[in-house]
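Down below is the structure, laid out as structure tokens.
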Amino acid sequence: MFFFAIPFFSFSQSPGLKGLVVERYYVSDTLDSSVSLMPNLPEGSVTYRIFVDMEKGYRFQAVFGSDGHPMKIATTTSFYNHPVHGNNLGNLIYDATLSSSTVMLDSWISVGAASTVHLGIMKADDDSVGNIVNKRLALYNTDSSAGIPLTIRDGLKRILLGTEMPRVTALNIDSFLYELKNPTSIATGYSFVTENGSWACIGGSSNETESGNRVLIGQFTTSGDFSFSLNLQLGKPGGGYEQYVADKPFGSQRTNASLKYSSR
């Protein structure tokens, strides 16, 4: 796979990664819990979105774990996933189900998509046009720690007709994908670690707007403490790539403090 190529050794260009941005997308309340159809969405569960913030002209290529650079994603409880309409890939969340129950809080990985026809964008970059109206009157909580309420801006941008949605290509992360579709008990906690796995976008993914170039790479809802340690590969304008690792960069690899996160 392209993201395990030998690193190059030139630092002539400024880094393309501004950093990872973690958005507190939503905080669940009692009503959300009652209509969720699953016990692992208790009141106070937080939905986190992870965005790769890049310089313009760059494209997100992959999140990866490689020898000496593990990728880790963990929670002290479990990840929420809707048992009927949920999925483990953002681009496979069927758009017609977004207004049903708490599907918009599903846990999944992505390379930009938040449904079959929506890109995931930060709520601050969204407008109030075309907001999803929940049929069960869920997702109405206005907890200030999650910023803009979903009833005002839902962080979903419908793509133009005929536009190809960026799709996930996954390698050696089957157990993680299974967990996102079939969450374990709240009491056990869950941690996924790999030095030989990735999710990627063949051809790369970007989302350039006036406010920048941010690509959504995952959404995770949990009642526990959420943490990660990630490594990234970005495609450079005009060709080539840059790699960013959470620890111990080698050769041309760079590091960035935002590649590690804990909600504690």
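Each chain in the structure tokens gets a letter, A, B, ..., in the order shown, and its residues are numbered from 1; ligands are numbered from 1 in order too.
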
- Query: range 175-187 of chain A: which residues within 8 Å, counting only C-alpha atoms, same-chain residues fewer than 3 positions away excluded, as number ranges by chain?
  - Reply: A: 40, 77-81, 83, 86-88, 107-108, 190, 192

- Long-range neighbours of Ser198 in chain A as number ranges by chain, 10 Å cut-off, only C-alpha atoms, 3 positions minimum in chain: A: 1, 3, 62-66, 71, 168-173, 194-195, 231-232

With C-alpha atoms kept, could you save the residues just selected as a compact mmCIF listing (two decimals), in the first residue's frame?
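Saved result, out-v6.txt, follows:
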```txt
# COMPACT_ATOMS: atom_id res chain seq x y z
CA MET A 1 0.00 0.00 0.00
CA PHE A 3 1.29 4.71 2.82
CA ALA A 62 -4.39 7.65 5.49
CA VAL A 63 -4.51 7.07 9.24
CA PHE A 64 -2.09 4.25 10.00
CA GLY A 65 -0.23 2.17 12.52
CA SER A 66 3.20 0.88 11.49
CA MET A 71 -2.29 3.61 16.21
CA VAL A 168 -12.95 4.32 3.20
CA THR A 169 -10.41 1.66 2.27
CA ALA A 170 -9.57 -0.36 5.39
CA LEU A 171 -6.56 -2.62 5.98
CA ASN A 172 -6.07 -4.98 8.95
CA ILE A 173 -8.54 -3.23 11.28
CA THR A 194 -2.29 -1.81 15.75
CA GLU A 195 1.16 -1.49 14.19
CA ASN A 231 -0.36 8.67 12.63
CA LEU A 232 -1.22 10.36 9.34
```

- Message: I'd like the neighbourhood of Glu23 in chain A as a PyMOL selection string, where a residue qualifies if any of its atoms comes within 7 Å (using only C-alpha atoms), though same-chain residues fewer than 4 positions away should be ignored.
- Response: chain A and resi 48-50

- Query: Where in range 9-225 of chain A does DSSP assign strand (DSSP E), given as a VMD selection string?
  - Reply: chain A and resid 17 to 27 46 to 54 59 to 65 71 to 75 108 to 109 118 to 120 156 to 158 169 to 171 190 to 194 197 to 205 208 to 209 212 to 222

- Task: Quick one: pick out all helix (DSSP H, G or I) residues within range 20-255 of chain A from a backbone DSSP run and write them as a ChimeraX atom specification.
- Result: /A:30-35,90-92,95-97,103-105,123-125,144-146,174-181

Write out the residues from the selection above, keeping C-alpha atoms, as a JSON list (two decimals), in the first residue's frame.
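Okay, this is what ended up in again24.json:
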```json
[["chain", "number", "residue", "atom", "x", "y", "z"],
["A", 30, "THR", "CA", -32.26, 11.43, 29.04],
["A", 31, "LEU", "CA", -34.56, 11.55, 26.01],
["A", 32, "ASP", "CA", -31.75, 10.50, 23.69],
["A", 33, "SER", "CA", -31.01, 7.55, 25.95],
["A", 34, "SER", "CA", -34.64, 6.45, 26.02],
["A", 35, "VAL", "CA", -34.98, 6.30, 22.21],
["A", 90, "GLY", "CA", -19.47, 7.16, 7.72],
["A", 91, "ASN", "CA", -20.04, 6.88, 3.97],
["A", 92, "LEU", "CA", -22.43, 3.92, 4.56],
["A", 95, "ASP", "CA", -29.04, 9.56, 4.59],
["A", 96, "ALA", "CA", -32.77, 8.75, 4.88],
["A", 97, "THR", "CA", -32.17, 7.29, 8.36],
["A", 103, "VAL", "CA", -28.41, 7.47, 14.19],
["A", 104, "MET", "CA", -26.57, 10.79, 13.86],
["A", 105, "LEU", "CA", -24.58, 9.85, 16.97],
["A", 123, "LYS", "CA", -20.60, 23.02, 13.09],
["A", 124, "ALA", "CA", -18.83, 26.38, 13.10],
["A", 125, "ASP", "CA", -18.37, 26.02, 9.31],
["A", 144, "SER", "CA", -23.03, 24.33, 26.33],
["A", 145, "SER", "CA", -19.94, 22.07, 26.33],
["A", 146, "ALA", "CA", -20.91, 20.90, 22.82],
["A", 174, "ASP", "CA", -11.34, -5.81, 11.13],
["A", 175, "SER", "CA", -11.64, -6.21, 14.91],
["A", 176, "PHE", "CA", -11.98, -2.44, 15.32],
["A", 177, "LEU", "CA", -14.67, -2.24, 12.65],
["A", 178, "TYR", "CA", -16.51, -5.13, 14.30],
["A", 179, "GLU", "CA", -16.42, -3.33, 17.66],
["A", 180, "LEU", "CA", -17.88, -0.17, 16.14],
["A", 181, "LYS", "CA", -20.78, -2.21, 14.73]]
```

- Item | One-decimal distance in Å that lies between CA of Ser110 in chain A and CA of Gly189 in chain A |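 That distance, rounded to one decimal, is 22.4 Å.
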
Which residues come within 9 Å of Asp126 in chain A, counting only C-alpha atoms, excluding same-chain residues fewer than 4 positions away, as a PDB file with C-alpha atoms, in the first residue's frame?
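File produced: out03.pdb:
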```pdb
ATOM      1  CA  ILE A 121     -18.031  19.517   8.507  1.00  0.00           C
ATOM      2  CA  MET A 122     -17.452  21.404  11.730  1.00  0.00           C
ATOM      3  CA  ARG A 153     -26.221  23.593  12.718  1.00  0.00           C
ATOM      4  CA  ASP A 154     -25.870  19.839  12.273  1.00  0.00           C
ATOM      5  CA  GLY A 155     -22.402  19.650  10.704  1.00  0.00           C
ATOM      6  CA  LEU A 156     -23.730  17.944   7.563  1.00  0.00           C
ATOM      7  CA  LYS A 157     -23.135  19.304   4.074  1.00  0.00           C
TER       8      LYS A 157
END
```

- Task: Have a look at CA of Gly204 in chain A and CA of Pro166 in chain A and let me know their distance in Å, one decimal.
- Result: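 Separation between CA of Gly204 in chain A and CA of Pro166 in chain A: 8.3 Å.
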
- Item | Using only C-alpha atoms: which of A:Asp53, A:Leu37, A:Gly19, A:Thr151 has the shortest distance to Ser211 in chain A |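 Smallest distance to Ser211 in chain A is found for A:Asp53.
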
- From the list A:Asn196, A:Thr116, A:Ile132, A:Asp225, the nearest residue to Tyr261 in chain A using only C-alpha atoms is A:Asp225

- Task: Excluding Ser258 in chain A and residues on its chain fewer than 3 positions from it, collect all residues at most 12 Å away from it, counting only C-alpha atoms, and give them as a count of residues only.
- Result: 23

Which residues are close to Ser191 in chain A, i.e. within 7 Å by only C-alpha atoms, leaving aside same-chain residues fewer than 5 positions away? Reply as a short mmCIF file (atom, residue, chain, number, x, y, z; two decimals) with C-alpha atoms, in the first residue's frame.
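Below you can see selection-v2.cif, which holds the result:
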```
data_model
loop_
_atom_site.label_atom_id
_atom_site.label_comp_id
_atom_site.auth_asym_id
_atom_site.auth_seq_id
_atom_site.Cartn_x
_atom_site.Cartn_y
_atom_site.Cartn_z
CA ILE A 73 -8.19 4.44 19.84
CA ALA A 74 -9.79 3.75 23.22
CA THR A 75 -12.65 4.40 25.61
#
```

Contact residues around Asp143 in chain A with only C-alpha atoms at 12 Å, ignoring same-chain residues under 5 positions, as an mmCIF file with C-alpha atoms, in the first residue's frame:
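Printed below is around-v1.cif as written:
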```cif
data_model
loop_
_atom_site.group_PDB
_atom_site.id
_atom_site.type_symbol
_atom_site.label_atom_id
_atom_site.label_comp_id
_atom_site.auth_asym_id
_atom_site.auth_seq_id
_atom_site.Cartn_x
_atom_site.Cartn_y
_atom_site.Cartn_z
ATOM 1 C CA ARG A 24 -17.471 17.922 20.866
ATOM 2 C CA TYR A 25 -20.373 17.361 18.497
ATOM 3 C CA TYR A 26 -23.146 16.521 20.979
ATOM 4 C CA VAL A 27 -23.880 15.536 24.594
ATOM 5 C CA SER A 28 -26.756 13.072 25.039
ATOM 6 C CA ASP A 29 -29.597 13.655 27.476
ATOM 7 C CA GLU A 43 -27.229 10.437 29.673
ATOM 8 C CA GLY A 44 -24.050 12.495 29.381
ATOM 9 C CA SER A 45 -22.507 10.453 26.551
ATOM 10 C CA VAL A 46 -20.340 12.647 24.325
ATOM 11 C CA ILE A 148 -23.704 25.041 18.687
ATOM 12 C CA PRO A 149 -26.851 22.861 19.111
ATOM 13 C CA LEU A 150 -27.583 20.361 16.340
#
```
